[in-house]
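One structure is given here, and the rest of the page talks about it.
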Amino acid sequence: MAIAVAQAKHMFGLKTGVSGNVAYQDEQTIVYPAGANCVMYNIDQKLQKFIAGSDKSQGITAIAVSPNRRYVALAEKGEKATITIYDLHSLKKRKVLSSPDVQSNEFVSLAFSPDSKYLVAQGGRPDWTLLYWTWEKSKVMAVTKTSPPQANAPVYQVTFNPQDNTQLCVVGNGIFKLYRYSEGNLKQFAFQKMEPQNYLCQAWVSDERVVVGTDNGRLLLFEAGELKTDISISMSQKETDKDRMGSIAEGDPTIPLGPPQITSIVAYSKGFACACGPGTVHLFEKTDDKDFFKKAREIKIPVDQNSSDPTKAQMQMIVCLTVSPSEETLVASTDASQLYSITLSTADIGKGDQAHFEYLAQAFHQGAITGVDVCIRKPLIATCSLDRSIRIWNFETCNLELYKEFAEEAYSIALHPSGLYILVGFSDKLRLMNLLIDDIRGFKEFTIRGCRECSFSNGGHLFAAVHSNVIQVYSTTNFENVLNLKGHNGKVRAVIWSADDNKLVSCGMDGAVYEWDTFTGKRVGESVLKACSYSSVAVTPDGKTTFAVGSDRSLKEIADSQILRDVESDDTTLTSVSMSHSGRMLFAGTSTGMLRSLKFPLTVPGEWQDYHGHSASIAKLKITYDDQYLVSISEDASIMMWKIQDKEGRGMKRDKEAGWAEEILITKSDLEEKNSMMSELKTRVDELKMENEYQLRLKDMNYNEKIKELTEKFIQEMESLKTKNQVLKTDKDKEEAKHEEEVQEVMDKHSKELGDMESANNQKLMLEYEKYQELQAKSQKMQEDYERELQEREESKERALEELTEYYETELQKKTTQLEQSHDQARNQQKEYEETKTQIEEDADREILDIKNKYERQLRDEKEANQRLKGESGIMRKKFTSLQKEIEDHKEEIKRYQADIAKLKKDIAGHEKDIVGLRKEIQERDETIQDKEKRIYDLKKKNQELEKFKFVLDYKIKELKKQIEPRENDIKAMKEQIQEMESELERFHKQNTQLELNITELRQKLKATDKEMHLERQRVRDKEAMIKRFKTDLHNCVGYIQDPKMLKESIKALYQKHVQEDITESASVDADIQKEYARQREHLERSVASLRKKLAKDTEIHRADNVRIMQENVSLIKEINDLRKELKIARTQVHDLEAALGLHRKNNTVEASMTLQAVTSQNKNAMMEQDLDESRRMIDIQKVEIKKLRSHLFELETTQVSRPPSGGRLPPVPVS
């Protein structure tokens, strides 16, 4: 059979200690190191792609993604520091860079230029060499030492100017240097004048500005190398107190008590983000003048509720920050191997508040992983770690299902086949725990300290746990210790059950591999090799063959207590081994973190395929029960899932119809709590529904009444407006007639003026035409003169041209002849060169052939002599070995004979001693037999006496039992009574809690009603005050009743003052109501909102109508004022006429009539009579109009008493 294929599918973990260990490839994909790989993780699809590290690498030390997002550079530690550049789209290797100028075995920082053509790499200690590459040509453009050799201070980061390929910035402990590349050298410029500090990180915020962070909480902004601003960041008092308390409690000396260290900075378009102190990121944004930055927001790592110490998560140090290409998301990586993210838009929304990060994918392990197990009935993987956490992973969805941290370290873990229980070996005890829906809860403890190995049987009815060098087998149902398997002299390192649970195979540090019968507890097979300390064991599905790996760098195949094959592993220690359930695939883990797929059945020498996975030793391997996936765990805190299949693509096919189990565990108390909460919430919902329905009905009633009132008002106003409209139409007709007459007059005037203008313009045109003809004659003369001059100039130009062409042609002929001569010379020289070249080449070839023939002859002679000598030496070696063997055999025979003689002598001496001893024993035993016979006689006597005592005591016991029975019955009755009372007490407790809940609800309702009552009272007071203010303002307006202009302005002011206030008040009231409804009745919001929309539309329509009516009222008031003016004028005219005719005197009425008659009789003029009649008619009409206006004013004064309410809008003034 062939070697099985393993393909990396998913990896849980993050490698710390890598410079720039998180970066964006595109908006959905991030790049980060995990194990020995570089992982590209798609956040939306939750898929991973891998770039494996190189073969002899000791791990990734730095990562950089190019600005065009096409390439990634990986710096790897090894015998020689190397940089490998990969294409992010095809995942193919583009270039491998290394340089003899670097003495260090690692690079600490990498950066691509803005156009992605150049790469700068900072080497590590001891020389701290900076290299400037044209990476596509693998050419080093410039080299410089960034750290002074006498100080040997560390350098942390190097970056390119985002606008300039030639400008670099380097920071380190006391190092802040700006370099510019020119003429093959990196030259430092803008030397610092300030005191050196420990600069930890930096970022370019523009083409000339760099922000640098220090270890004492200072942000320094440099422009063209000069310090512009110094921002000092200090932790709040509460945070420092918390941090100090946390550090004292944990006893962690690494947490600083001073100012926060600024460990990472990333720039984006609005400003920059910096990591300051434990678990904190500050966002700084540009100010209005764009020269300075101000702190806009603080983002923190949230508290971890699954941990025994929830604040421990906030103590992580953020080591790297990156922003997505669209600047929507900020991602942070911590020193505890975690990835966090936050969307910057949500961070901007609530400015001033404290924002919190979220896990980017899921929480990873942060310590060495010690145990792993796979479930049969569910797609689950369980892992435990030295970080004191237990995590349950789903290998189908690649998610973290459950996670909990404990107070003790966990060394081993086993997952029950049902997926409902786990067995965990803690440092103090072995605990059997339930996997609940949202928690991991223990229910049975076993006194096994520091259990390093535990395992459930495939049936789940038993489990084995290692207690030092003893394997204890327990029943899962009654927790009894069924078997104790003793035999190992050293610690047991691995325990595995056979497929049918009939066998248990174990291996230990004592070099023993034992097979145990799980029914009898006997050892049925053993293989002991004391030179090897075994670490892992695997069994074939039939249970006949065992595979073991250990410290002797080989894989052993054991069957029937015999080592069948011993496959050497090529100088690498194998740490774990795993066999597929189909029996066709065999995998091993190595101490270097590689996964090894071995050809099965095994061959000597072995054949295998290595796959890059982890950066540290693989602790364990587990294959899922459908043989689809292999899970490997490592000391580098990473879990890797591999998709496996043999070369023929075969594997165990899972029954898809059966599917995975979906059962989950939940405690009865949790279920009861949730049910009680559900019932309470349902009752509350019903109550709220009833309340809302009742209030809606009340509101409907009120709204219906208001609508009726409004419709009545609108009908009345419509009728009044109709009458006004008719009056206005008649006025309009009159005005149109007047307008037509005026237009006719204007048209006549215009036609006269037009005629006059035409005659004047004709005269002017004639004069202008004469002038034009004169000018035309002048221009013709000028044109003729110019044409004559042009001809003369052209002739002179042609003559000069001919002279020049003749001169240059002669010159050209001379030059061509010279050129031909030089060409001939060049050809001759070329021929000479080629001839000399061919001669030299021929000579060289001849010499080479001679030398070649000479050395070949010598080589042939040497080879023949060598072969002859080899043959002779082989014959001599064989003779020597055969003689040596004979000598050794003779020596061994002599030794054996001597040993046999010595043994026989010892046996004879021993047998003689035994004979003497046996004789003495016979005498002693005879004496003892006599003594024992005497004792037997005495004991028989005592026995008879004791039987008598026994009879008496039996009688007494029977009597006592008769006395005890009634008391026991009483005790039983009392116990039953106590149980009943306890059940009653529990019921009363439940009733009390229910009543307390009801009381709290009622109190809350009472508080709410009190608040509403106070608000209503306040509103009433406000309304009363408003009414008073309105009355006073109205009274002031009435004072201007005789002055229409002032009345109009005062009414406008009154409207603006009160109506706008009312609108704002009503808006604020509506806002309060909305808040109240939103808080108490969320699920009824939509219906209320729809009603509000309808009401808003209706009010908008009515408001528009009111505004229109008000405008019409204003125009009508203007007309009334105009009519009043006309009335006044008419009155004065009438008064003048009466004064002239003497009609204004009461006594002279008869005289006036007489005078009128006399005048009319004397001057019987028809025109005069008509004028008099018209004036009388006009006076009568105006009197009628005056009466109407007086009645209208009286009605207005009466309507002021029934004033409209101040809450709504003012109704329009009705005009008759």
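Naming works like this for the structure tokens: A, B, ... for the chains as they're shown, residue 1 at the start of each chain, ligands 1 onward in shown order.
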Backbone DSSP call of strand (DSSP E) for segment 630-853 of chain A, listed as number ranges by chain: A: 630-634, 639-645
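In terms of minimum interatomic distance to Lys378 of chain A, A:Thr624 ranks closest within A:Thr624, A:Ser779, A:Gln150, A:Gln192, counting only C-alpha atoms.
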